[in-house]
>>> print(open('target.pdb').read())   # PDB, C-alpha atoms
ATOM      1  CA  MET A  29       0.000   0.000   0.000  1.00  0.00           C
ATOM      2  CA  ALA A  30       2.744   2.481   0.922  1.00  0.00           C
ATOM      3  CA  LEU A  31       4.772   1.488  -2.148  1.00  0.00           C
ATOM      4  CA  ASP A  32       1.721   2.124  -4.339  1.00  0.00           C
ATOM      5  CA  LEU A  33       1.458   5.624  -2.928  1.00  0.00           C
ATOM      6  CA  ILE A  34       5.164   6.231  -3.541  1.00  0.00           C
ATOM      7  CA  PHE A  35       4.733   5.153  -7.176  1.00  0.00           C
ATOM      8  CA  VAL A  36       1.793   7.523  -7.646  1.00  0.00           C
ATOM      9  CA  ILE A  37       3.569  10.465  -6.019  1.00  0.00           C
ATOM     10  CA  ALA A  38       6.791   9.803  -7.957  1.00  0.00           C
ATOM     11  CA  GLY A  39       4.802   9.491 -11.185  1.00  0.00           C
ATOM     12  CA  GLY A  40       2.980  12.747 -10.526  1.00  0.00           C
ATOM     13  CA  LEU A  41       6.226  14.556  -9.722  1.00  0.00           C
ATOM     14  CA  LEU A  42       7.881  13.253 -12.882  1.00  0.00           C
ATOM     15  CA  LEU A  43       4.896  14.437 -14.908  1.00  0.00           C
ATOM     16  CA  LEU A  44       5.106  17.922 -13.385  1.00  0.00           C
ATOM     17  CA  ILE A  45       8.881  18.135 -13.845  1.00  0.00           C
ATOM     18  CA  GLY A  46       8.388  16.917 -17.409  1.00  0.00           C
ATOM     19  CA  PHE A  47       5.877  19.680 -18.049  1.00  0.00           C
ATOM     20  CA  ILE A  48       8.330  22.239 -16.672  1.00  0.00           C
ATOM     21  CA  GLY A  49      10.895  20.672 -18.988  1.00  0.00           C
ATOM     22  CA  THR A  50       8.842  21.711 -21.991  1.00  0.00           C
ATOM     23  CA  ILE A  51      10.153  25.236 -21.386  1.00  0.00           C
ATOM     24  CA  VAL A  52      13.495  24.606 -19.672  1.00  0.00           C
ATOM     25  CA  PRO A  53      15.873  23.289 -22.343  1.00  0.00           C
ATOM     26  CA  VAL A  54      18.093  21.246 -20.010  1.00  0.00           C
ATOM     27  CA  ILE A  55      15.193  19.111 -18.735  1.00  0.00           C
ATOM     28  CA  PRO A  56      13.920  16.434 -21.170  1.00  0.00           C
ATOM     29  CA  GLY A  57      10.223  17.226 -20.809  1.00  0.00           C
ATOM     30  CA  ALA A  58       8.341  14.556 -22.735  1.00  0.00           C
ATOM     31  CA  PRO A  59      10.598  11.635 -21.733  1.00  0.00           C
ATOM     32  CA  LEU A  60      10.348  12.613 -18.047  1.00  0.00           C
ATOM     33  CA  ALA A  61       6.591  12.971 -18.278  1.00  0.00           C
ATOM     34  CA  TRP A  62       6.397   9.553 -19.925  1.00  0.00           C
ATOM     35  CA  ALA A  63       8.580   8.156 -17.139  1.00  0.00           C
ATOM     36  CA  GLY A  64       5.923   9.486 -14.770  1.00  0.00           C
ATOM     37  CA  LEU A  65       3.311   7.409 -16.574  1.00  0.00           C
ATOM     38  CA  LEU A  66       5.612   4.399 -16.462  1.00  0.00           C
ATOM     39  CA  VAL A  67       6.329   4.701 -12.735  1.00  0.00           C
ATOM     40  CA  SER A  68       2.668   5.220 -11.896  1.00  0.00           C
ATOM     41  CA  TYR A  69       1.786   2.107 -13.947  1.00  0.00           C
ATOM     42  CA  PHE A  70       3.284  -0.013 -11.154  1.00  0.00           C
ATOM     43  CA  SER A  71       0.815   1.369  -8.618  1.00  0.00           C
ATOM     44  CA  SER A  72      -2.473  -0.366  -7.961  1.00  0.00           C
ATOM     45  CA  TYR A  73      -4.103   3.098  -7.856  1.00  0.00           C
ATOM     46  CA  VAL A  74      -3.469   3.779 -11.540  1.00  0.00           C
ATOM     47  CA  HIS A  75      -5.316   1.644 -14.063  1.00  0.00           C
ATOM     48  CA  SER A  76      -3.542   1.877 -17.401  1.00  0.00           C
ATOM     49  CA  SER A  77      -2.300  -0.667 -19.907  1.00  0.00           C
ATOM     50  CA  ILE A  78       0.919  -1.651 -21.600  1.00  0.00           C
ATOM     51  CA  VAL A  79      -0.600  -0.569 -24.913  1.00  0.00           C
ATOM     52  CA  LEU A  80      -1.183   2.915 -23.503  1.00  0.00           C
ATOM     53  CA  LEU A  81       2.428   3.053 -22.282  1.00  0.00           C
ATOM     54  CA  VAL A  82       3.762   2.000 -25.683  1.00  0.00           C
ATOM     55  CA  ILE A  83       1.621   4.546 -27.540  1.00  0.00           C
ATOM     56  CA  THR A  84       2.516   7.379 -25.162  1.00  0.00           C
ATOM     57  CA  GLY A  85       6.177   6.314 -25.309  1.00  0.00           C
ATOM     58  CA  ILE A  86       6.110   6.604 -29.095  1.00  0.00           C
ATOM     59  CA  PHE A  87       4.592  10.076 -28.800  1.00  0.00           C
ATOM     60  CA  ALA A  88       7.229  11.108 -26.249  1.00  0.00           C
ATOM     61  CA  LEU A  89       9.969   9.924 -28.595  1.00  0.00           C
ATOM     62  CA  LEU A  90       8.430  11.590 -31.655  1.00  0.00           C
ATOM     63  CA  VAL A  91       7.878  14.945 -29.976  1.00  0.00           C
ATOM     64  CA  SER A  92      11.441  14.899 -28.628  1.00  0.00           C
ATOM     65  CA  VAL A  93      12.817  14.325 -32.118  1.00  0.00           C
ATOM     66  CA  MET A  94      10.502  16.932 -33.648  1.00  0.00           C
ATOM     67  CA  ASP A  95      11.553  19.452 -31.008  1.00  0.00           C
ATOM     68  CA  ASN A  96      15.089  19.204 -32.355  1.00  0.00           C
ATOM     69  CA  ILE A  97      14.080  19.206 -36.015  1.00  0.00           C
ATOM     70  CA  PHE A  98      11.605  22.124 -36.116  1.00  0.00           C
ATOM     71  CA  PRO A  99      13.966  24.919 -35.007  1.00  0.00           C
ATOM     72  CA  ALA A 100      16.684  23.766 -37.396  1.00  0.00           C
ATOM     73  CA  MET A 101      14.218  23.268 -40.242  1.00  0.00           C
ATOM     74  CA  LEU A 102      12.536  26.667 -39.833  1.00  0.00           C
ATOM     75  CA  THR A 103      15.892  28.394 -39.290  1.00  0.00           C
ATOM     76  CA  LYS A 104      17.198  26.921 -42.524  1.00  0.00           C
ATOM     77  CA  GLN A 105      13.941  27.755 -44.305  1.00  0.00           C
ATOM     78  CA  SER A 106      14.258  31.391 -43.232  1.00  0.00           C
ATOM     79  CA  GLY A 107      17.920  31.578 -44.230  1.00  0.00           C
ATOM     80  CA  GLY A 108      19.319  31.374 -40.720  1.00  0.00           C
ATOM     81  CA  SER A 109      22.540  29.890 -39.441  1.00  0.00           C
ATOM     82  CA  LYS A 110      23.631  27.673 -36.568  1.00  0.00           C
ATOM     83  CA  ALA A 111      24.598  30.874 -34.762  1.00  0.00           C
ATOM     84  CA  GLY A 112      20.895  31.763 -34.684  1.00  0.00           C
ATOM     85  CA  ILE A 113      19.995  28.417 -33.123  1.00  0.00           C
ATOM     86  CA  VAL A 114      22.751  28.741 -30.521  1.00  0.00           C
ATOM     87  CA  GLY A 115      21.649  32.309 -29.799  1.00  0.00           C
ATOM     88  CA  CYS A 116      18.056  31.137 -29.424  1.00  0.00           C
ATOM     89  CA  THR A 117      19.090  28.567 -26.818  1.00  0.00           C
ATOM     90  CA  ILE A 118      21.261  31.048 -24.927  1.00  0.00           C
ATOM     91  CA  GLY A 119      18.451  33.604 -25.048  1.00  0.00           C
ATOM     92  CA  LEU A 120      16.056  31.057 -23.582  1.00  0.00           C
ATOM     93  CA  LEU A 121      18.457  30.199 -20.769  1.00  0.00           C
ATOM     94  CA  ILE A 122      18.927  33.868 -19.883  1.00  0.00           C
ATOM     95  CA  GLY A 123      15.243  34.616 -20.389  1.00  0.00           C
ATOM     96  CA  MET A 124      14.221  31.990 -17.830  1.00  0.00           C
ATOM     97  CA  PHE A 125      15.571  34.264 -15.109  1.00  0.00           C
ATOM     98  CA  LEU A 126      13.427  37.157 -16.327  1.00  0.00           C
ATOM     99  CA  GLY A 127      10.054  35.475 -15.943  1.00  0.00           C
ATOM    100  CA  PHE A 128       7.444  34.795 -18.595  1.00  0.00           C
ATOM    101  CA  PRO A 129       8.353  37.777 -20.856  1.00  0.00           C
ATOM    102  CA  GLY A 130      11.973  36.617 -20.794  1.00  0.00           C
ATOM    103  CA  ILE A 131      10.950  33.091 -21.771  1.00  0.00           C
ATOM    104  CA  LEU A 132       9.081  34.490 -24.780  1.00  0.00           C
ATOM    105  CA  LEU A 133      11.463  37.262 -25.835  1.00  0.00           C
ATOM    106  CA  GLY A 134      14.755  35.611 -24.851  1.00  0.00           C
ATOM    107  CA  PRO A 135      14.836  33.024 -27.659  1.00  0.00           C
ATOM    108  CA  PHE A 136      13.968  35.593 -30.329  1.00  0.00           C
ATOM    109  CA  LEU A 137      16.476  38.163 -29.098  1.00  0.00           C
ATOM    110  CA  GLY A 138      19.123  35.466 -28.691  1.00  0.00           C
ATOM    111  CA  ALA A 139      18.550  34.234 -32.233  1.00  0.00           C
ATOM    112  CA  PHE A 140      18.687  37.818 -33.523  1.00  0.00           C
ATOM    113  CA  VAL A 141      21.977  38.503 -31.731  1.00  0.00           C
ATOM    114  CA  GLY A 142      23.331  35.167 -32.966  1.00  0.00           C
ATOM    115  CA  GLU A 143      22.431  36.016 -36.546  1.00  0.00           C
ATOM    116  CA  LEU A 144      23.968  39.477 -36.194  1.00  0.00           C
ATOM    117  CA  ALA A 145      27.146  37.871 -34.831  1.00  0.00           C
ATOM    118  CA  HIS A 146      27.160  35.646 -37.906  1.00  0.00           C
ATOM    119  CA  ASN A 147      26.531  38.522 -40.339  1.00  0.00           C
ATOM    120  CA  ALA A 148      26.322  42.002 -38.818  1.00  0.00           C
ATOM    121  CA  GLU A 149      25.836  43.759 -42.160  1.00  0.00           C
ATOM    122  CA  ASP A 150      22.410  42.352 -43.002  1.00  0.00           C
ATOM    123  CA  VAL A 151      20.027  43.348 -40.198  1.00  0.00           C
ATOM    124  CA  PRO A 152      16.794  42.579 -42.125  1.00  0.00           C
ATOM    125  CA  HIS A 153      18.103  39.089 -42.917  1.00  0.00           C
ATOM    126  CA  ALA A 154      19.078  38.578 -39.249  1.00  0.00           C
ATOM    127  CA  PHE A 155      15.565  39.620 -38.182  1.00  0.00           C
ATOM    128  CA  LYS A 156      13.940  37.242 -40.682  1.00  0.00           C
ATOM    129  CA  ALA A 157      16.214  34.361 -39.672  1.00  0.00           C
ATOM    130  CA  ALA A 158      15.665  35.053 -35.966  1.00  0.00           C
ATOM    131  CA  PHE A 159      11.922  35.038 -36.500  1.00  0.00           C
ATOM    132  CA  GLY A 160      12.185  31.669 -38.280  1.00  0.00           C
ATOM    133  CA  THR A 161      14.239  30.258 -35.425  1.00  0.00           C
ATOM    134  CA  PHE A 162      11.731  31.615 -32.934  1.00  0.00           C
ATOM    135  CA  LYS A 163       8.821  30.038 -34.830  1.00  0.00           C
ATOM    136  CA  GLY A 164      10.616  26.691 -34.730  1.00  0.00           C
ATOM    137  CA  PHE A 165      11.196  27.075 -31.005  1.00  0.00           C
ATOM    138  CA  LEU A 166       7.528  27.903 -30.398  1.00  0.00           C
ATOM    139  CA  LEU A 167       6.342  24.994 -32.539  1.00  0.00           C
ATOM    140  CA  GLY A 168       8.580  22.490 -30.758  1.00  0.00           C
ATOM    141  CA  THR A 169       7.752  23.861 -27.315  1.00  0.00           C
ATOM    142  CA  GLY A 170       4.044  23.929 -28.102  1.00  0.00           C
ATOM    143  CA  LEU A 171       4.059  20.307 -29.219  1.00  0.00           C
ATOM    144  CA  LYS A 172       5.944  19.239 -26.083  1.00  0.00           C
ATOM    145  CA  MET A 173       3.486  21.142 -23.897  1.00  0.00           C
ATOM    146  CA  ILE A 174       0.499  19.534 -25.574  1.00  0.00           C
ATOM    147  CA  VAL A 175       1.946  16.027 -25.275  1.00  0.00           C
ATOM    148  CA  CYS A 176       2.925  16.526 -21.621  1.00  0.00           C
ATOM    149  CA  ALA A 177      -0.491  18.003 -20.823  1.00  0.00           C
ATOM    150  CA  VAL A 178      -2.134  14.952 -22.421  1.00  0.00           C
ATOM    151  CA  PHE A 179       0.138  12.693 -20.344  1.00  0.00           C
ATOM    152  CA  ILE A 180      -0.960  14.521 -17.186  1.00  0.00           C
ATOM    153  CA  TRP A 181      -4.586  14.207 -18.269  1.00  0.00           C
ATOM    154  CA  ILE A 182      -4.121  10.448 -18.843  1.00  0.00           C
ATOM    155  CA  PHE A 183      -2.489  10.132 -15.419  1.00  0.00           C
ATOM    156  CA  VAL A 184      -5.372  11.904 -13.701  1.00  0.00           C
ATOM    157  CA  LEU A 185      -8.015   9.905 -15.613  1.00  0.00           C
ATOM    158  CA  THR A 186      -6.366   6.568 -14.901  1.00  0.00           C
ATOM    159  CA  LEU A 187      -5.927   7.552 -11.251  1.00  0.00           C
ATOM    160  CA  ILE A 188      -9.581   8.424 -10.659  1.00  0.00           C
ATOM    161  CA  LYS A 189     -10.917   5.558 -12.791  1.00  0.00           C
TER     162      LYS A 189
END
>>> encode(input="target.pdb", output="structure tokens")
Amino acid sequence: MALDLIFVIAGGLLLLIGFIGTIVPVIPGAPLAWAGLLVSYFSSYVHSSIVLLVITGIFALLVSVMDNIFPAMLTKQSGGSKAGIVGCTIGLLIGMFLGFPGILLGPFLGAFVGELAHNAEDVPHAFKAAFGTFKGFLLGTGLKMIVCAVFIWIFVLTLIK
């Protein structure tokens, strides 16, 4: 009985940390959230199936891969460079300390500065490339948030079932 409760609490904590990880780049959001589902599976309080774990595991893997592909793809599509992607990541890390506006503006400003560092003579191009990088970041982050929110929803539903 006590072990079941530990599994549920650990699963819930992993799900919450995973959701936080959708914004914080050093925390693997979707895989941690999926680990929360996996840990809670071993509790008698949660009624889920192996099939559900496999399907959600596939989604966690896919969204993690897509999160790495979208920024690069949209950066390349908008004519950006790797410096823009690096700047976007640095901007996000710095922006986390500035609250919600920093989380939104940090990646864009970081990508813009990165693009300017790559080519300081073409400001309109740097702006366009930074915007592409930012769109990729938002798309990847949005997908991770949706998947993690669905994982939390599944956890709650299987817990109260």
>>> resolve_selection(input="target.pdb", expression="the PyMOL selection byres ((chain A and resi 48) around 12)", output="PyMOL selection string")
chain A and resi 41-47+49-61+124+169+172-173+176-177
>>> atom_distance(input="target.pdb", atom1="atom CA of His75 of chain A", atom2="atom CA of Ala88 of chain A")
19.9 Å
>>> resolve_selection(input="target.pdb", expression="the PyMOL selection byres ((chain A and resi 106) around 10)", output="list in words")
Ala100, Met101, Leu102, Thr103, Lys104, Gln105, Gly107, Gly108, Ser109, His153, Ala154, Phe155, Lys156, Ala157, Ala158, Phe159, Gly160 and Thr161 of chain A
>>> atom_distance(input="target.pdb", atom1="atom CA of Thr117 of chain A", atom2="atom CA of Asp150 of chain A")
21.5 Å
>>> atom_distance(input="target.pdb", atom1="atom CA of Leu66 of chain A", atom2="atom CA of Val36 of chain A")
10.1 Å
>>> axis_aligned_box(input="target.pdb", around="segment 73-92 of chain A", padding_each_side="3 Å", output="JSON")
{"center_x": 3.1, "center_y": 6.6, "center_z": -19.8, "size_x": 22.8, "size_y": 22.6, "size_z": 29.8}
>>> closest_residue(input="target.pdb", among="A:Leu144, A:Val79, A:Leu137, A:Val93", to="Ile118 of chain A", atoms="all atoms listed in the file")
A:Leu137
>>> closest_residue(input="target.pdb", among="A:Leu166, A:Leu187, A:Trp62, A:Gly142", to="Ile86 of chain A", atoms="only C-alpha atoms")
A:Trp62
>>> closest_residue(input="target.pdb", among="A:Leu185, A:Ile37, A:Ala139, A:Val82", to="Phe162 of chain A", atoms="all atoms listed in the file")
A:Ala139
>>> closest_residue(input="target.pdb", among="A:Ile34, A:Gly40, A:Leu89, A:Tyr73", to="Val175 of chain A", atoms="all atoms listed in the file")
A:Leu89
>>> residues_around(input="target.pdb", residues="Gly130 of chain A", least_positions_apart="4", cutoff="12 Å", atoms="only C-alpha atoms", output="NGL selection string")
:A and (51 or 116 or 118-126 or 134-138)
>>> closest_residue(input="target.pdb", among="A:Leu65, A:Lys110, A:Ala148, A:Asp95", to="Leu80 of chain A", atoms="all atoms listed in the file")
A:Leu65
>>> closest_residue(input="target.pdb", among="A:Val74, A:Ile113, A:Val141, A:Ile180", to="Asn96 of chain A", atoms="only C-alpha atoms")
A:Ile113
